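> The structure file query_5.csv (CSV, C-alpha atoms) is provided below.
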chain,number,residue,atom,x,y,z
N,1,MET,CA,10.7,-49.8,85.8
N,2,ASP,CA,7.8,-52.1,86.7
N,3,GLY,CA,6.1,-49.1,88.3
N,4,ILE,CA,6.1,-47.1,85.1
N,5,ILE,CA,4.8,-50.1,83.1
N,6,LYS,CA,2.0,-50.6,85.7
N,7,PHE,CA,1.2,-46.9,85.7
N,8,ILE,CA,0.9,-47.0,81.8
N,9,GLN,CA,-1.3,-50.1,81.9
N,10,ASN,CA,-3.6,-48.6,84.6
N,11,ASN,CA,-3.8,-45.2,83.0
N,12,ASN,CA,-3.8,-46.3,79.3
N,13,ASP,CA,-7.1,-44.4,78.5
N,14,ILE,CA,-5.8,-41.1,80.1
N,15,ILE,CA,-2.5,-41.3,78.3
N,16,LEU,CA,-4.2,-42.0,75.0
N,17,LEU,CA,-6.6,-39.1,75.5
N,18,ALA,CA,-3.6,-36.8,76.4
N,19,LEU,CA,-1.7,-37.9,73.2
N,20,ILE,CA,-4.8,-37.3,71.1
N,21,MET,CA,-5.2,-33.8,72.6
N,22,ILE,CA,-1.5,-33.0,71.9
N,23,SER,CA,-1.9,-34.3,68.4
N,24,ILE,CA,-4.9,-32.0,67.8
N,25,VAL,CA,-3.1,-29.0,69.1
N,26,LEU,CA,-0.1,-29.8,66.9
N,27,LEU,CA,-2.4,-30.2,63.9
N,28,PHE,CA,-3.9,-26.8,64.5
N,29,LEU,CA,-0.4,-25.2,65.0
N,30,ASN,CA,0.7,-26.9,61.8
N,31,CYS,CA,-2.3,-25.5,59.9
N,32,TYR,CA,-1.7,-22.1,61.3
N,33,ASN,CA,1.9,-22.2,60.2
N,34,GLN,CA,1.0,-23.4,56.7
N,35,ILE,CA,-1.4,-20.4,56.3
N,36,ARG,CA,1.4,-18.0,57.4
N,37,ILE,CA,3.9,-19.6,55.1
N,38,SER,CA,1.4,-19.3,52.2
N,39,LYS,CA,0.9,-15.6,52.9
N,40,LEU,CA,4.7,-15.0,53.0
N,41,LYS,CA,5.1,-16.9,49.7
N,42,LYS,CA,2.5,-14.6,48.1
N,43,LYS,CA,4.3,-11.5,49.4
N,44,TYR,CA,7.6,-12.9,48.3
N,45,ASN,CA,6.3,-13.7,44.8
N,46,ILE,CA,4.8,-10.1,44.6
N,47,LEU,CA,8.2,-8.7,45.6
N,48,LEU,CA,10.0,-10.7,42.9
N,49,SER,CA,7.4,-10.3,40.2
N,50,GLY,CA,9.0,-9.1,37.0
N,51,VAL,CA,12.5,-9.9,38.1
N,52,ASP,CA,14.4,-12.2,35.9
N,53,SER,CA,17.5,-13.9,37.4
N,54,ILE,CA,18.3,-10.7,39.4
N,55,ASN,CA,19.6,-11.2,42.9
N,56,LEU,CA,17.4,-9.5,45.5
N,57,GLU,CA,20.4,-7.6,46.9
N,58,ASP,CA,21.2,-6.2,43.5
N,59,MET,CA,17.6,-5.2,43.0
N,60,LEU,CA,17.5,-3.4,46.3
N,61,PHE,CA,20.7,-1.5,45.5
N,62,GLU,CA,19.3,-0.5,42.2
N,63,HIS,CA,16.1,0.8,43.8
N,64,LEU,CA,18.1,2.7,46.4
N,65,GLU,CA,20.1,4.4,43.6
N,66,GLU,CA,16.9,5.4,41.9
N,67,VAL,CA,15.5,6.8,45.1
N,68,LYS,CA,18.7,8.8,45.5
N,69,ASN,CA,18.3,10.2,42.0
N,70,VAL,CA,14.7,11.1,42.6
N,71,LYS,CA,15.6,12.9,45.8
N,72,GLU,CA,18.2,14.9,43.9
N,73,GLN,CA,15.6,15.7,41.2
N,74,LEU,CA,13.1,16.8,43.8
N,75,ARG,CA,15.7,19.1,45.4
N,76,ASN,CA,16.3,20.7,41.9
N,77,VAL,CA,12.5,21.1,41.3
N,78,ASP,CA,12.2,22.6,44.8
N,79,LYS,CA,14.9,25.1,44.0
N,80,THR,CA,13.3,26.0,40.7
N,81,CYS,CA,9.9,26.5,42.3
N,82,ASN,CA,11.4,28.7,45.0
N,83,ASN,CA,13.1,30.8,42.3
N,84,LEU,CA,9.9,31.0,40.3
N,85,ASP,CA,8.0,32.1,43.5
N,86,LYS,CA,10.5,34.9,44.1
N,87,ARG,CA,10.3,36.0,40.4
N,88,LEU,CA,6.5,35.8,40.4
N,89,LYS,CA,6.2,38.2,43.3
N,90,LEU,CA,7.9,40.8,41.0
N,91,THR,CA,5.4,40.4,38.1
N,92,LEU,CA,2.4,42.7,37.6
N,93,GLN,CA,-0.5,40.7,39.0
N,94,ASN,CA,-2.7,43.2,40.7
N,95,THR,CA,-4.6,45.6,38.5
N,96,GLY,CA,-7.3,48.2,39.0
N,97,MET,CA,-8.9,50.5,36.5
N,98,ILE,CA,-11.4,53.2,36.7
N,99,ARG,CA,-12.9,55.2,33.9
N,100,TYR,CA,-14.2,58.7,34.4
N,101,ASN,CA,-14.9,62.1,32.9
N,102,ALA,CA,-11.8,64.3,33.5
N,103,PHE,CA,-13.7,67.4,32.4
N,104,ASP,CA,-17.3,68.4,33.0
N,105,ASP,CA,-18.1,69.2,29.4
N,106,MET,CA,-17.0,65.8,28.1
N,107,GLY,CA,-19.0,62.6,28.1
N,108,SER,CA,-18.5,58.8,27.6
N,109,ASP,CA,-16.0,58.3,30.4
N,110,LEU,CA,-13.0,58.5,28.0
N,111,SER,CA,-10.4,59.2,30.7
N,112,PHE,CA,-9.0,56.4,32.9
N,113,SER,CA,-6.6,55.6,35.7
N,114,LEU,CA,-4.9,52.2,35.6
N,115,ALA,CA,-2.9,50.8,38.6
N,116,LEU,CA,-0.5,47.9,37.8
N,117,LEU,CA,1.1,46.4,40.9
N,118,ASP,CA,3.2,43.4,41.8
N,119,ASP,CA,2.8,41.2,44.9
N,120,ASN,CA,4.8,43.7,47.0
N,121,LEU,CA,2.3,46.5,45.9
N,122,ASP,CA,5.0,48.1,43.8
N,123,GLY,CA,4.4,49.3,40.3
N,124,VAL,CA,2.8,52.2,38.5
N,125,VAL,CA,-0.4,54.1,38.1
N,126,ILE,CA,-1.1,55.4,34.6
N,127,SER,CA,-3.7,58.1,34.0
N,128,SER,CA,-5.0,59.2,30.6
N,129,LEU,CA,-7.0,62.5,30.6
N,130,TYR,CA,-9.1,62.9,27.5
N,131,GLY,CA,-10.1,66.4,26.5
N,132,ARG,CA,-11.5,68.1,23.4
N,133,ASP,CA,-8.0,69.3,22.3
N,134,GLY,CA,-6.2,66.0,22.9
N,135,CYS,CA,-5.2,63.3,25.3
N,136,SER,CA,-2.5,63.5,28.0
N,137,MET,CA,-1.0,60.5,29.8
N,138,TYR,CA,0.8,60.5,33.1
N,139,GLY,CA,2.6,57.7,34.9
N,140,LYS,CA,3.5,57.7,38.6
N,141,PRO,CA,5.7,55.1,40.3
N,142,ILE,CA,4.2,53.3,43.3
N,143,LYS,CA,6.2,51.7,46.1
N,144,ASN,CA,4.2,49.8,48.7
N,145,CYS,CA,1.0,51.6,47.7
N,146,LYS,CA,2.6,55.0,48.1
N,147,THR,CA,4.3,57.6,45.9
N,148,LYS,CA,6.0,60.9,46.3
N,149,TYR,CA,3.6,62.4,43.7
N,150,THR,CA,0.1,63.7,44.4
N,151,LEU,CA,-2.5,61.2,43.4
N,152,SER,CA,-6.0,62.1,42.2
N,153,LYS,CA,-9.0,60.5,43.7
N,154,GLU,CA,-9.4,58.3,40.6
N,155,GLU,CA,-5.8,57.2,40.8
N,156,LEU,CA,-6.3,56.4,44.5
N,157,GLU,CA,-9.5,54.4,43.5
N,158,ALA,CA,-7.6,52.5,40.9
N,159,ILE,CA,-4.9,51.5,43.4
N,160,LYS,CA,-7.6,50.5,45.9
N,161,ILE,CA,-9.2,48.3,43.3
N,162,ALA,CA,-5.8,46.6,42.6
N,163,VAL,CA,-5.2,46.0,46.3
N,164,ASN,CA,-8.7,44.6,46.7
N,165,ASN,CA,-8.1,42.2,43.7
N,166,ARG,CA,-4.9,41.1,45.5
N,167,ASP,CA,-6.7,40.4,48.7
N,168,MET,CA,-9.3,38.3,46.8
N,169,ARG,CA,-6.7,35.7,45.7
Taking this structure as input, can you express it in the form of structure tokens?

Amino acid sequence: MDGIIKFIQNNNDIILLALIMISIVLLFLNCYNQIRISKLKKKYNILLSGVDSINLEDMLFEHLEEVKNVKEQLRNVDKTCNNLDKRLKLTLQNTGMIRYNAFDDMGSDLSFSLALLDDNLDGVVISSLYGRDGCSMYGKPIKNCKTKYTLSKEELEAIKIAVNNRDMR
């Protein structure tokens, strides 16, 4: 025991310096921890802002239930959108029209061919031929840009315009 006391008395300055260094390191560690705790308190306060006497577990379960409901609503909206997409493909959305003179002795391009096609290129081409004695209209069904009926060059041009309008979307 005398040896330890003698060592402390002889190395008093070194031991004091070591204790000061350890105290400084501990002070810095304490400051660092205080800063971290302050940041955690801010996050905790933000997490619980607007909550009156509700236990955190109850709040989390409530939010999980809301998320579950939102997911179900999202599935329903997705189904509705898919259904609308399918139905939209069947609507007339591609049109092409060309006006022309059906007969050489007529003017003013009063005859026309009108192609009305859906997204699958199905639909109808309607032609109106205007003459001095009257007007005649014809309709020909179109399936994938084709028909079993003979098409005039104007009807083909109206279909081509409708297909080009589709490709521009």
> Please identify all polymer residues within 12 Å of N:Leu156, counting only C-alpha atoms, omitting same-chain residues fewer than 2 positions from it, and present them as a compact mmCIF listing (two decimals) with C-alpha atoms, keeping the file's coordinate frame.

# COMPACT_ATOMS: atom_id res chain seq x y z
CA GLY N 96 -7.30 48.20 39.00
CA MET N 97 -8.90 50.50 36.50
CA ILE N 98 -11.40 53.20 36.70
CA PHE N 112 -9.00 56.40 32.90
CA SER N 113 -6.60 55.60 35.70
CA LEU N 114 -4.90 52.20 35.60
CA ALA N 115 -2.90 50.80 38.60
CA VAL N 124 2.80 52.20 38.50
CA VAL N 125 -0.40 54.10 38.10
CA ILE N 126 -1.10 55.40 34.60
CA SER N 127 -3.70 58.10 34.00
CA LYS N 140 3.50 57.70 38.60
CA ILE N 142 4.20 53.30 43.30
CA CYS N 145 1.00 51.60 47.70
CA LYS N 146 2.60 55.00 48.10
CA THR N 147 4.30 57.60 45.90
CA TYR N 149 3.60 62.40 43.70
CA THR N 150 0.10 63.70 44.40
CA LEU N 151 -2.50 61.20 43.40
CA SER N 152 -6.00 62.10 42.20
CA LYS N 153 -9.00 60.50 43.70
CA GLU N 154 -9.40 58.30 40.60
CA ALA N 158 -7.60 52.50 40.90
CA ILE N 159 -4.90 51.50 43.40
CA LYS N 160 -7.60 50.50 45.90
CA ILE N 161 -9.20 48.30 43.30
CA ALA N 162 -5.80 46.60 42.60
CA VAL N 163 -5.20 46.00 46.30
> Quote the spacing between atom CA of N:Asp58 and atom CA of N:Asn45 in Å to one decimal place.
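Pair atom CA of N:Asp58 / atom CA of N:Asn45 returns 16.7 Å.
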> Would you compute the distance between atom CA of N:Tyr138 and atom CA of N:Phe103? Give it in Å to one decimal.
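Atom CA of N:Tyr138 sits 16.1 Å away from atom CA of N:Phe103.
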> Mind completing stretch 110-142 of chain N with N, CA and C atoms? Output as a PDB file, in the frame of the given file, please?

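Contents of selection.pdb, as written:
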ATOM      1  N   LEU N 110     -14.143  58.790  28.861  1.00  0.00           N
ATOM      2  CA  LEU N 110     -13.000  58.500  28.000  1.00  0.00           C
ATOM      3  C   LEU N 110     -11.659  58.586  28.737  1.00  0.00           C
ATOM      4  N   SER N 111     -11.639  59.154  29.919  1.00  0.00           N
ATOM      5  CA  SER N 111     -10.400  59.200  30.700  1.00  0.00           C
ATOM      6  C   SER N 111     -10.362  57.990  31.616  1.00  0.00           C
ATOM      7  N   PHE N 112      -9.154  57.601  32.005  1.00  0.00           N
ATOM      8  CA  PHE N 112      -9.000  56.400  32.900  1.00  0.00           C
ATOM      9  C   PHE N 112      -7.770  56.534  33.741  1.00  0.00           C
ATOM     10  N   SER N 113      -7.783  55.797  34.831  1.00  0.00           N
ATOM     11  CA  SER N 113      -6.600  55.600  35.700  1.00  0.00           C
ATOM     12  C   SER N 113      -6.434  54.082  35.817  1.00  0.00           C
ATOM     13  N   LEU N 114      -5.205  53.614  35.602  1.00  0.00           N
ATOM     14  CA  LEU N 114      -4.900  52.200  35.600  1.00  0.00           C
ATOM     15  C   LEU N 114      -3.749  51.942  36.592  1.00  0.00           C
ATOM     16  N   ALA N 115      -3.975  51.121  37.610  1.00  0.00           N
ATOM     17  CA  ALA N 115      -2.900  50.800  38.600  1.00  0.00           C
ATOM     18  C   ALA N 115      -2.425  49.366  38.223  1.00  0.00           C
ATOM     19  N   LEU N 116      -1.103  49.219  38.080  1.00  0.00           N
ATOM     20  CA  LEU N 116      -0.500  47.900  37.800  1.00  0.00           C
ATOM     21  C   LEU N 116       0.555  47.676  38.903  1.00  0.00           C
ATOM     22  N   LEU N 117       0.258  46.680  39.756  1.00  0.00           N
ATOM     23  CA  LEU N 117       1.100  46.400  40.900  1.00  0.00           C
ATOM     24  C   LEU N 117       1.539  44.978  40.984  1.00  0.00           C
ATOM     25  N   ASP N 118       2.716  44.770  41.584  1.00  0.00           N
ATOM     26  CA  ASP N 118       3.200  43.400  41.800  1.00  0.00           C
ATOM     27  C   ASP N 118       2.715  42.931  43.187  1.00  0.00           C
ATOM     28  N   ASP N 119       3.207  41.780  43.623  1.00  0.00           N
ATOM     29  CA  ASP N 119       2.800  41.200  44.900  1.00  0.00           C
ATOM     30  C   ASP N 119       3.211  42.044  46.092  1.00  0.00           C
ATOM     31  N   ASN N 120       4.270  42.840  45.925  1.00  0.00           N
ATOM     32  CA  ASN N 120       4.800  43.700  47.000  1.00  0.00           C
ATOM     33  C   ASN N 120       4.070  45.075  46.989  1.00  0.00           C
ATOM     34  N   LEU N 121       3.057  45.221  46.116  1.00  0.00           N
ATOM     35  CA  LEU N 121       2.300  46.500  45.900  1.00  0.00           C
ATOM     36  C   LEU N 121       3.222  47.583  45.406  1.00  0.00           C
ATOM     37  N   ASP N 122       4.172  47.197  44.567  1.00  0.00           N
ATOM     38  CA  ASP N 122       5.000  48.100  43.800  1.00  0.00           C
ATOM     39  C   ASP N 122       4.584  48.123  42.391  1.00  0.00           C
ATOM     40  N   GLY N 123       4.722  49.260  41.710  1.00  0.00           N
ATOM     41  CA  GLY N 123       4.400  49.300  40.300  1.00  0.00           C
ATOM     42  C   GLY N 123       4.184  50.705  39.819  1.00  0.00           C
ATOM     43  N   VAL N 124       3.091  50.907  39.094  1.00  0.00           N
ATOM     44  CA  VAL N 124       2.800  52.200  38.500  1.00  0.00           C
ATOM     45  C   VAL N 124       1.342  52.430  38.389  1.00  0.00           C
ATOM     46  N   VAL N 125       0.968  53.711  38.411  1.00  0.00           N
ATOM     47  CA  VAL N 125      -0.400  54.100  38.100  1.00  0.00           C
ATOM     48  C   VAL N 125      -0.333  55.009  36.889  1.00  0.00           C
ATOM     49  N   ILE N 126      -1.096  54.659  35.876  1.00  0.00           N
ATOM     50  CA  ILE N 126      -1.100  55.400  34.600  1.00  0.00           C
ATOM     51  C   ILE N 126      -2.470  56.058  34.482  1.00  0.00           C
ATOM     52  N   SER N 127      -2.455  57.343  34.169  1.00  0.00           N
ATOM     53  CA  SER N 127      -3.700  58.100  34.000  1.00  0.00           C
ATOM     54  C   SER N 127      -3.714  58.681  32.584  1.00  0.00           C
ATOM     55  N   SER N 128      -4.840  58.571  31.917  1.00  0.00           N
ATOM     56  CA  SER N 128      -5.000  59.200  30.600  1.00  0.00           C
ATOM     57  C   SER N 128      -6.202  60.148  30.750  1.00  0.00           C
ATOM     58  N   LEU N 129      -5.930  61.418  30.464  1.00  0.00           N
ATOM     59  CA  LEU N 129      -7.000  62.500  30.600  1.00  0.00           C
ATOM     60  C   LEU N 129      -7.345  62.855  29.144  1.00  0.00           C
ATOM     61  N   TYR N 130      -8.603  62.585  28.804  1.00  0.00           N
ATOM     62  CA  TYR N 130      -9.100  62.900  27.500  1.00  0.00           C
ATOM     63  C   TYR N 130      -9.849  64.185  27.484  1.00  0.00           C
ATOM     64  N   GLY N 131      -9.457  65.100  26.581  1.00  0.00           N
ATOM     65  CA  GLY N 131     -10.100  66.400  26.500  1.00  0.00           C
ATOM     66  C   GLY N 131     -10.437  66.664  24.993  1.00  0.00           C
ATOM     67  N   ARG N 132     -11.123  67.744  24.740  1.00  0.00           N
ATOM     68  CA  ARG N 132     -11.500  68.100  23.400  1.00  0.00           C
ATOM     69  C   ARG N 132     -10.239  68.352  22.507  1.00  0.00           C
ATOM     70  N   ASP N 133      -9.223  68.898  23.109  1.00  0.00           N
ATOM     71  CA  ASP N 133      -8.000  69.300  22.300  1.00  0.00           C
ATOM     72  C   ASP N 133      -6.994  68.183  22.279  1.00  0.00           C
ATOM     73  N   GLY N 134      -7.190  67.078  22.991  1.00  0.00           N
ATOM     74  CA  GLY N 134      -6.200  66.000  22.900  1.00  0.00           C
ATOM     75  C   GLY N 134      -6.282  65.112  24.164  1.00  0.00           C
ATOM     76  N   CYS N 135      -5.295  64.289  24.223  1.00  0.00           N
ATOM     77  CA  CYS N 135      -5.200  63.300  25.300  1.00  0.00           C
ATOM     78  C   CYS N 135      -3.864  63.399  25.963  1.00  0.00           C
ATOM     79  N   SER N 136      -3.818  63.449  27.272  1.00  0.00           N
ATOM     80  CA  SER N 136      -2.500  63.500  28.000  1.00  0.00           C
ATOM     81  C   SER N 136      -2.440  62.274  28.890  1.00  0.00           C
ATOM     82  N   MET N 137      -1.242  61.696  28.935  1.00  0.00           N
ATOM     83  CA  MET N 137      -1.000  60.500  29.800  1.00  0.00           C
ATOM     84  C   MET N 137       0.037  60.837  30.814  1.00  0.00           C
ATOM     85  N   TYR N 138      -0.155  60.273  32.014  1.00  0.00           N
ATOM     86  CA  TYR N 138       0.800  60.500  33.100  1.00  0.00           C
ATOM     87  C   TYR N 138       1.040  59.132  33.788  1.00  0.00           C
ATOM     88  N   GLY N 139       2.263  58.935  34.187  1.00  0.00           N
ATOM     89  CA  GLY N 139       2.600  57.700  34.900  1.00  0.00           C
ATOM     90  C   GLY N 139       3.283  58.118  36.234  1.00  0.00           C
ATOM     91  N   LYS N 140       2.895  57.446  37.305  1.00  0.00           N
ATOM     92  CA  LYS N 140       3.500  57.700  38.600  1.00  0.00           C
ATOM     93  C   LYS N 140       3.915  56.410  39.245  1.00  0.00           C
ATOM     94  N   PRO N 141       5.178  56.361  39.676  1.00  0.00           N
ATOM     95  CA  PRO N 141       5.700  55.100  40.300  1.00  0.00           C
ATOM     96  C   PRO N 141       5.019  54.908  41.663  1.00  0.00           C
ATOM     97  N   ILE N 142       4.783  53.649  41.984  1.00  0.00           N
ATOM     98  CA  ILE N 142       4.200  53.300  43.300  1.00  0.00           C
ATOM     99  C   ILE N 142       5.124  52.335  43.986  1.00  0.00           C
TER     100      ILE N 142
END
